[in-house]
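> Pasting final-v1.txt here (compact mmCIF, C-alpha atoms):
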# COMPACT_ATOMS: atom_id res chain seq x y z
CA MET V 3 -6.54 -0.70 -18.09
CA MET V 4 -6.72 0.84 -14.64
CA THR V 5 -7.49 4.55 -14.78
CA ASN V 6 -6.41 5.39 -11.25
CA PHE V 7 -3.05 3.60 -11.34
CA SER V 8 -0.03 5.82 -10.84
CA THR V 9 3.16 4.52 -12.42
CA THR V 10 5.06 7.33 -10.70
CA GLN V 11 3.98 6.13 -7.28
CA SER V 12 4.71 2.50 -8.11
CA ASN V 13 8.23 3.54 -9.16
CA ASN V 14 8.60 5.46 -5.90
CA ILE V 15 7.60 2.35 -3.96
CA ALA V 16 10.07 0.21 -5.90
CA SER V 17 12.85 2.76 -5.28
CA PHE V 18 12.01 2.90 -1.58
CA CYS V 19 12.15 -0.89 -1.40
CA GLY V 20 15.56 -0.99 -3.05
CA ILE V 21 16.94 1.55 -0.59
CA ALA V 22 15.32 -0.27 2.33
CA VAL V 23 16.94 -3.57 1.26
CA ILE V 24 20.36 -1.89 1.22
CA ILE V 25 19.80 -0.36 4.66
CA LEU V 26 18.50 -3.65 6.09
CA ALA V 27 21.55 -5.46 4.68
CA LYS V 28 23.78 -3.13 6.72
CA PHE V 29 22.05 -4.50 9.84
CA ASN V 30 22.42 -8.12 8.62
CA ILE V 31 18.69 -8.48 7.93
CA GLY V 32 18.36 -10.48 4.75
CA ILE V 33 15.26 -9.79 2.66
CA SER V 34 14.95 -9.65 -1.08
CA SER V 35 13.73 -6.56 -2.87
CA GLU V 36 10.79 -8.51 -4.30
CA GLU V 37 9.68 -9.67 -0.83
CA LEU V 38 9.86 -6.13 0.49
CA GLN V 39 7.95 -4.75 -2.51
CA LEU V 40 5.21 -7.31 -1.95
CA THR V 41 4.99 -6.49 1.76
CA VAL V 42 4.93 -2.72 1.21
CA GLY V 43 2.39 -3.11 -1.59
CA LEU V 44 0.11 -5.19 0.63
CA ILE V 45 0.32 -2.69 3.47
CA ILE V 46 -0.44 0.23 1.15
CA THR V 47 -3.40 -1.64 -0.34
CA LEU V 48 -4.83 -2.53 3.07
CA VAL V 49 -4.42 0.99 4.45
CA GLY V 50 -5.93 2.46 1.29
CA ASN V 51 -8.97 0.20 1.50
CA ILE V 52 -9.49 0.96 5.19
CA LEU V 53 -9.21 4.71 4.61
CA GLN V 54 -11.61 4.56 1.66
CA TYR V 55 -14.15 2.60 3.72
CA ARG V 56 -13.79 5.06 6.62
CA HIS V 57 -14.28 8.02 4.28
CA ARG V 58 -17.42 6.53 2.74
CA PHE V 59 -18.80 5.69 6.19
CA GLN V 60 -18.17 9.21 7.48
CA LYS V 61 -19.71 10.63 4.30
CA GLY V 62 -22.86 8.65 5.11
CA ASP V 63 -23.02 6.57 1.92
CA ILE V 64 -22.73 3.20 3.64
CA THR V 65 -23.62 1.52 6.91
CA ILE V 66 -21.07 0.10 9.36
CA GLY V 67 -21.51 -3.25 7.58
CA GLY V 68 -20.53 -1.72 4.24
CA PHE V 69 -24.01 -1.74 2.71
CA ARG V 70 -25.44 1.25 0.86
CA LYS V 71 -28.02 3.26 2.73
Once more with this new file: its structure as structure tokens, please.

Amino acid sequence: MMTNFSTTQSNNIASFCGIAVIILAKFNIGISSEELQLTVGLIITLVGNILQYRHRFQKGDITIGGFRK
């Protein structure tokens, strides 16, 4: 089991996606809730990984190539 997984935040993302689908439907943009959840999840994962890498690099643990010093 993942120890750093937040079910609260995953529920917040799912709720946001549901609201976003309703708002997008008002502008005649058709996208399913599942597609939007996948897209938002991918963006959050990518941004999280980039920020974690940046933090570790600034901390001095790793080189620009991602290798430990």
> Which value, in Å to one decimal, gives the distance between atom CA of V:Gln54 and atom CA of V:Cys19?
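A separation of 24.6 Å between them.
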> Can you tell me how far atom CA of V:Leu40 sits from atom CA of V:Arg56, in Å to one decimal?
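A separation of 24.2 Å between them.
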> Could you check the closest approach to V:Ser17 for each of V:Ile33, V:Ile64, V:Val49, V:Val42 and tell me which residue wins, using only C-alpha atoms?
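Ranked by minimum distance to V:Ser17, first place goes to V:Val42.
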> Counting all atoms listed in the file, which residue out of V:Ser12, V:Lys61, V:Val23, V:Gly50 sits closest to V:Glu37?
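So, comparing all the options, the nearest one is V:Val23.
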> Kindly list the centre and edge lengths in Å, rounded to one decimal, for the axis-aligned box that covers all listed atoms of stretch 22-37 of chain V plus 3 Å on each of its six sides, as AutoDock Vina command-line options.

--center_x 16.7 --center_y -5.4 --center_z 2.8 --size_x 20.1 --size_y 16.2 --size_z 20.1
> So the first atom is atom CA of V:Ile52 and the second is atom CA of V:Lys71; what is the distance between them in Å, to one decimal place?
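Distance reported for this atom pair: 18.8 Å.
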> I'd like the neighbourhood of V:Ser35 as number ranges by chain, where a residue qualifies if any of its atoms comes within 12 Å (using all atoms listed in the file), though same-chain residues fewer than 4 positions away should be ignored.
V: 15-27, 39-43
